[in-house]
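Only one structure is covered here, and it is reproduced in the block below.
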Number of protein chains: 2
Amino acid sequence: MNLLELKETIREVMDFPKKGIGFKDITTLLKDPRAFKTSVDLLANLYKDENIDIVIGPEARGFIYGAPLAYLLNAGFVPVRKEGKLPAEIVSEEYELEYGTNIIEIHKDSITKGQNVLVVDDLLATGGTAAAAGKLVKELGGNVVAMAFLIELEFLNGRENLKEYKVDSLIKY
Amino acid sequence: MNLLELKETIREVMDFPKKGIGFKDITTLLKDPRAFKTSVDLLANLYKDENIDIVIGPEARGFIYGAPLAYLLNAGFVPVRKEGKLPAEIVSEEYELEYGTNIIEIHKDSITKGQNVLVVDDLLATGGTAAAAGKLVKELGGNVVAMAFLIELEFLNGRENLKEYKVDSLIKY
């Protein structure tokens with residue numbers, strides 16, 4: 001399956017989560033075994049020689065790609081979660097949304113100083129979540145090797161928010 | 001790494017999410033590459049000859065094991081999500097919690113009649129979420145081959161709620 005065929009497995013749902021937005025629904029890709037395997041393999045291959053120690057994925061869809069990539073790269077998986085979900089000592093980062101703010105958290109002992117970290121999420125939109133995740137990794141002394149996304153919405157210029165990082169995406173709109 | 005060593009990578013955090021509860025924190029297992037790989041492989045091996053078509057995992061921690069298992073079993077991955085998160089047509093199931101109720105949803109077109117489905121989550125507690133997920137699968141015509149959990153809290157008798165299913169777990173408390 002090539003990238004064009006992969007892209008065709010993604011469904012666009014109009015007016016979700018609000019009127020005027022064409023939501024890129026990856027569930028139609030995920031449920032297709034060949035498409036899911038192809039997308040995971042293509043992302044994992046980008047980093048197979050990068051000595052990744054830890055893959056982090058933001059809740060919840062970041063877990064869907066972060067966990068298989070950690071498995072394939074022989075790395076640990078570290079969840080970045082919404083406020084109040086992690087039970088032990090955390091560091092947190094607040095960032096702006098279109099309306100209001102959001103807080104994400106990571107366990108303080110989840111990354112050791114100098115570890116090579118890959119940040120993974122399904123979608124790069126404005127880059128707010130990924131930028132906040134990058135800050136959390138740096139606060140813990142980790143080295144952000146790259147940020148990997150299944151989809152990039154290029155018209156939102158998320159890379160502008162992630163200038164200091166290597167950013168990779170498979171499918172662009 | 002054997003099962004006893006695997007169990008030792010899980011941390012117990014006292015008084016989370018509320019006083020008196022000893023929370024089984026799997027993040028210490030997940031961040032350990034050998035432990036994570038071992039746990040995923042042990043679960044996947046249980047079903048390698050079962051012709052699994054679809055792995056479903058409830059949001060959010062169910063994604064962490066569901067997605068790698070789908071990858072390894074050459075199956076599709078279908079997320080079961082909290083209310084309002086899925087963009088297309090859904091079926092939903094309400095179930096009781098200790099206080100109040102919870103609703104989970106699945107896309108109506110996520111499972112085809114007769115497909116073999118594996119339900120995966122990190123933890124079997126009272127079994128409420130898994131029972132509701134099983135009902136969603138059956139409503140869509142899927143065949144629940146088994147329900148797989150990393151951890152089972154045996155003292156909560158979650159299997160009682162899941163009597164009609166084959167239930168597997170790696171680590172028991």
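Quick note on naming: the chains in the structure tokens go A, B, ... in the order shown, residues restart at 1 in each chain, and ligands are numbered from 1 in order of appearance.
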Within 9 Å of Leu3 (chain B) using only C-alpha atoms, minus same-chain residues under 3 positions, as a PyMOL selection string = chain B and resi 6-8+38-39+170-171
Here's a check: after a least-squares fit over all in-order C-alpha atoms, write chain A in the frame of chain B, as a short mmCIF file (atom, residue, chain, number, x, y, z; two decimals) with C-alpha atoms, in the first residue's frame.
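Below is the file that was written, result.cif:
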```cif
data_model
loop_
_atom_site.label_atom_id
_atom_site.label_comp_id
_atom_site.auth_asym_id
_atom_site.auth_seq_id
_atom_site.Cartn_x
_atom_site.Cartn_y
_atom_site.Cartn_z
CA MET A 1 11.86 -11.29 31.45
CA ASN A 2 9.37 -13.58 33.21
CA LEU A 3 5.94 -12.74 34.61
CA LEU A 4 7.20 -12.20 38.14
CA GLU A 5 9.84 -9.72 36.94
CA LEU A 6 7.17 -8.06 34.79
CA LYS A 7 4.89 -7.69 37.80
CA GLU A 8 7.70 -6.06 39.75
CA THR A 9 7.90 -3.23 37.21
CA ILE A 10 4.36 -2.11 38.19
CA ARG A 11 4.27 0.57 40.88
CA GLU A 12 1.59 0.87 43.51
CA VAL A 13 0.58 4.46 44.32
CA MET A 14 -1.40 4.80 47.53
CA ASP A 15 -4.52 6.96 47.86
CA PHE A 16 -5.10 7.49 44.13
CA PRO A 17 -7.60 8.38 42.77
CA LYS A 18 -8.97 8.55 46.31
CA LYS A 19 -7.99 7.74 49.88
CA GLY A 20 -7.56 4.06 50.67
CA ILE A 21 -7.05 2.89 47.10
CA GLY A 22 -3.72 1.39 46.04
CA PHE A 23 -3.51 2.34 42.38
CA LYS A 24 -1.64 -0.05 40.09
CA ASP A 25 0.49 2.35 38.06
CA ILE A 26 1.64 0.71 34.82
CA THR A 27 3.64 3.73 33.62
CA THR A 28 6.73 2.25 35.27
CA LEU A 29 6.22 -0.91 33.19
CA LEU A 30 5.51 0.99 29.97
CA LYS A 31 8.67 3.10 30.16
CA ASP A 32 10.84 -0.02 30.54
CA PRO A 33 11.45 -1.24 26.95
CA ARG A 34 11.93 -4.89 27.93
CA ALA A 35 8.89 -4.96 30.18
CA PHE A 36 6.66 -3.26 27.61
CA LYS A 37 7.82 -5.56 24.79
CA THR A 38 7.44 -8.66 26.97
CA SER A 39 3.90 -7.76 28.01
CA VAL A 40 2.77 -6.99 24.46
CA ASP A 41 4.35 -10.19 23.10
CA LEU A 42 2.82 -12.40 25.81
CA LEU A 43 -0.65 -11.02 25.11
CA ALA A 44 -0.27 -11.20 21.31
CA ASN A 45 0.93 -14.82 21.47
CA LEU A 46 -2.33 -15.88 23.11
CA TYR A 47 -4.28 -14.99 19.95
CA LYS A 48 -1.89 -15.54 17.07
CA ASP A 49 -3.91 -18.52 15.75
CA GLU A 50 -7.35 -17.01 16.41
CA ASN A 51 -7.82 -15.10 13.13
CA ILE A 52 -8.55 -11.83 14.89
CA ASP A 53 -9.97 -9.27 12.43
CA ILE A 54 -10.41 -6.33 14.79
CA VAL A 55 -8.90 -5.34 18.13
CA ILE A 56 -10.94 -2.86 20.12
CA GLY A 57 -9.58 -0.83 23.00
CA PRO A 58 -11.46 1.53 25.30
CA GLU A 59 -10.14 5.10 25.72
CA ALA A 60 -7.52 5.91 26.88
CA ARG A 61 -5.27 3.21 28.36
CA GLY A 62 -6.94 0.51 26.23
CA PHE A 63 -5.24 2.19 23.26
CA ILE A 64 -1.79 1.51 24.72
CA TYR A 65 -2.19 -2.27 24.48
CA GLY A 66 -4.90 -2.46 21.81
CA ALA A 67 -2.89 -0.71 19.10
CA PRO A 68 0.30 -2.84 19.32
CA LEU A 69 -1.80 -6.02 19.56
CA ALA A 70 -3.72 -5.04 16.41
CA TYR A 71 -0.42 -4.41 14.66
CA LEU A 72 1.07 -7.77 15.69
CA LEU A 73 -2.08 -9.75 14.92
CA ASN A 74 -2.48 -8.13 11.48
CA ALA A 75 -5.85 -6.85 12.60
CA GLY A 76 -7.53 -3.46 12.41
CA PHE A 77 -7.74 -1.27 15.50
CA VAL A 78 -11.06 0.23 16.58
CA PRO A 79 -11.17 2.80 19.37
CA VAL A 80 -14.03 2.75 21.87
CA ARG A 81 -14.36 6.32 23.04
CA LYS A 82 -15.99 8.50 25.63
CA GLU A 83 -19.13 10.39 24.68
CA GLY A 84 -18.88 12.88 21.84
CA LYS A 85 -15.36 12.06 20.62
CA LEU A 86 -16.17 10.00 17.52
CA PRO A 87 -17.14 12.07 14.47
CA ALA A 88 -19.32 9.66 12.44
CA GLU A 89 -22.45 7.60 13.22
CA ILE A 90 -22.09 5.74 16.51
CA VAL A 91 -23.76 3.20 18.76
CA SER A 92 -23.40 3.80 22.47
CA GLU A 93 -23.72 1.91 25.72
CA GLU A 94 -24.32 3.27 29.20
CA TYR A 95 -23.11 1.40 32.27
CA GLU A 96 -23.01 1.94 35.99
CA LEU A 97 -20.04 3.15 37.97
CA GLU A 98 -19.69 3.23 41.73
CA TYR A 99 -21.18 6.73 41.61
CA GLY A 100 -23.23 7.59 38.53
CA THR A 101 -22.96 6.18 35.04
CA ASN A 102 -20.58 6.26 32.08
CA ILE A 103 -21.19 6.16 28.33
CA ILE A 104 -18.88 4.63 25.73
CA GLU A 105 -19.30 4.82 21.97
CA ILE A 106 -18.10 3.00 18.86
CA HIS A 107 -18.46 3.86 15.19
CA LYS A 108 -21.37 2.00 13.60
CA ASP A 109 -19.25 1.04 10.57
CA SER A 110 -16.23 -0.06 12.61
CA ILE A 111 -17.08 -3.78 12.73
CA THR A 112 -18.60 -5.94 9.98
CA LYS A 113 -21.01 -8.76 10.80
CA GLY A 114 -19.14 -11.96 11.65
CA GLN A 115 -15.73 -10.39 12.24
CA ASN A 116 -13.59 -11.86 15.01
CA VAL A 117 -13.01 -9.24 17.68
CA LEU A 118 -10.53 -9.09 20.55
CA VAL A 119 -11.34 -6.64 23.37
CA VAL A 120 -8.18 -5.28 25.03
CA ASP A 121 -7.68 -3.11 28.10
CA ASP A 122 -4.91 -2.57 30.60
CA LEU A 123 -6.90 -3.44 33.73
CA LEU A 124 -9.81 -5.69 34.64
CA ALA A 125 -11.43 -4.24 37.75
CA THR A 126 -15.23 -4.65 38.05
CA GLY A 127 -15.53 -5.42 34.33
CA GLY A 128 -18.09 -2.68 33.65
CA THR A 129 -16.27 -1.12 30.73
CA ALA A 130 -15.41 -4.46 29.13
CA ALA A 131 -18.99 -5.73 29.47
CA ALA A 132 -20.27 -2.56 27.79
CA ALA A 133 -17.66 -2.90 25.05
CA GLY A 134 -18.75 -6.51 24.50
CA LYS A 135 -22.35 -5.36 24.07
CA LEU A 136 -21.29 -2.79 21.48
CA VAL A 137 -19.41 -5.46 19.51
CA LYS A 138 -22.40 -7.81 19.57
CA GLU A 139 -24.77 -5.03 18.56
CA LEU A 140 -22.64 -4.58 15.43
CA GLY A 141 -22.67 -8.33 14.72
CA GLY A 142 -19.09 -9.01 15.75
CA ASN A 143 -17.89 -12.19 17.44
CA VAL A 144 -16.02 -11.54 20.70
CA VAL A 145 -13.21 -14.11 20.61
CA ALA A 146 -11.76 -13.06 23.95
CA MET A 147 -11.09 -10.21 26.32
CA ALA A 148 -7.46 -9.57 27.20
CA PHE A 149 -6.08 -7.58 30.11
CA LEU A 150 -2.59 -6.82 31.31
CA ILE A 151 -3.75 -6.78 34.95
CA GLU A 152 -6.66 -8.44 36.75
CA LEU A 153 -7.78 -7.33 40.23
CA GLU A 154 -9.19 -10.72 41.20
CA PHE A 155 -10.69 -9.48 44.48
CA LEU A 156 -13.16 -7.33 42.49
CA ASN A 157 -14.60 -10.39 40.69
CA GLY A 158 -14.73 -8.68 37.29
CA ARG A 159 -15.04 -12.08 35.59
CA GLU A 160 -18.53 -12.37 37.08
CA ASN A 161 -19.58 -9.55 34.74
CA LEU A 162 -17.89 -11.21 31.77
CA LYS A 163 -19.12 -14.79 32.22
CA GLU A 164 -20.09 -15.22 28.58
CA TYR A 165 -16.59 -14.38 27.33
CA LYS A 166 -13.18 -15.99 27.35
CA VAL A 167 -11.14 -13.73 29.68
CA ASP A 168 -7.33 -13.67 29.81
CA SER A 169 -5.00 -11.63 32.01
CA LEU A 170 -1.24 -11.69 32.49
CA ILE A 171 -0.78 -10.31 35.99
CA LYS A 172 -3.14 -10.99 38.89
CA TYR A 173 -3.55 -9.27 42.26
#
```
Write out as a PyMOL selection string all residues of chain B that DSSP puts in helix (DSSP H, G or I) for this structure's backbone.
-> chain B and resi 3-8+27-30+33-46+61-72+128-139+154-156+158-162
Would you please give, as a PyMOL selection string, all residues of chain A that DSSP assigns to strand (DSSP E) based on the backbone?
-> chain A and resi 11-14+22-25+54-58+76-82+90-96+101-107+116-124+143-152+167-172
Export of prior selection with C-alpha atoms as a tab-separated table (two decimals), in the first residue's frame:
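Result saved to selection_21.tsv:
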```
chain	number	residue	atom	x	y	z
A	11	ARG	CA	-12.48	9.81	5.91
A	12	GLU	CA	-13.44	13.45	6.07
A	13	VAL	CA	-16.44	14.19	8.31
A	14	MET	CA	-17.95	17.62	7.77
A	22	GLY	CA	-13.81	19.07	7.87
A	23	PHE	CA	-12.58	16.56	10.43
A	24	LYS	CA	-9.94	14.08	9.28
A	25	ASP	CA	-11.27	10.82	10.69
A	54	ILE	CA	11.45	6.73	24.93
A	55	VAL	CA	8.40	7.40	22.77
A	56	ILE	CA	5.90	9.83	24.24
A	57	GLY	CA	2.34	10.17	23.05
A	58	PRO	CA	-0.28	12.68	24.19
A	76	GLY	CA	9.74	2.61	26.43
A	77	PHE	CA	6.36	4.30	26.08
A	78	VAL	CA	5.48	7.32	28.20
A	79	PRO	CA	1.94	8.69	28.20
A	80	VAL	CA	1.38	12.45	28.32
A	81	ARG	CA	-1.99	12.87	29.97
A	82	LYS	CA	-4.69	15.37	30.70
A	90	ILE	CA	4.21	15.11	37.67
A	91	VAL	CA	5.41	18.16	35.78
A	92	SER	CA	2.78	20.01	33.81
A	93	GLU	CA	2.54	22.49	30.99
A	94	GLU	CA	-0.30	24.85	30.14
A	95	TYR	CA	-0.87	26.03	26.58
A	96	GLU	CA	-3.39	28.10	24.70
A	101	THR	CA	-6.20	26.84	27.77
A	102	ASN	CA	-5.27	23.19	28.19
A	103	ILE	CA	-2.94	21.43	30.63
A	104	ILE	CA	-0.92	18.29	29.93
A	105	GLU	CA	1.13	16.33	32.43
A	106	ILE	CA	3.96	13.80	32.46
A	107	HIS	CA	5.42	11.74	35.29
A	116	ASN	CA	16.54	10.20	23.25
A	117	VAL	CA	12.84	10.95	22.97
A	118	LEU	CA	10.44	10.71	20.03
A	119	VAL	CA	7.18	12.66	20.33
A	120	VAL	CA	4.33	10.97	18.43
A	121	ASP	CA	0.78	12.09	17.69
A	122	ASP	CA	-1.80	11.33	15.03
A	123	LEU	CA	-2.31	14.90	13.82
A	124	LEU	CA	-0.25	18.08	13.56
A	143	ASN	CA	16.62	15.09	24.04
A	144	VAL	CA	13.79	15.48	21.52
A	145	VAL	CA	15.09	13.61	18.47
A	146	ALA	CA	12.01	14.31	16.37
A	147	MET	CA	8.27	14.78	16.35
A	148	ALA	CA	6.29	12.35	14.21
A	149	PHE	CA	2.73	12.72	12.96
A	150	LEU	CA	0.52	10.58	10.79
A	151	ILE	CA	-1.22	13.68	9.37
A	152	GLU	CA	-0.13	17.29	8.94
A	167	VAL	CA	9.18	17.37	12.33
A	168	ASP	CA	8.02	14.45	10.17
A	169	SER	CA	4.56	13.63	8.84
A	170	LEU	CA	3.32	10.96	6.44
A	171	ILE	CA	0.16	12.50	5.00
A	172	LYS	CA	-0.27	16.19	4.23
```
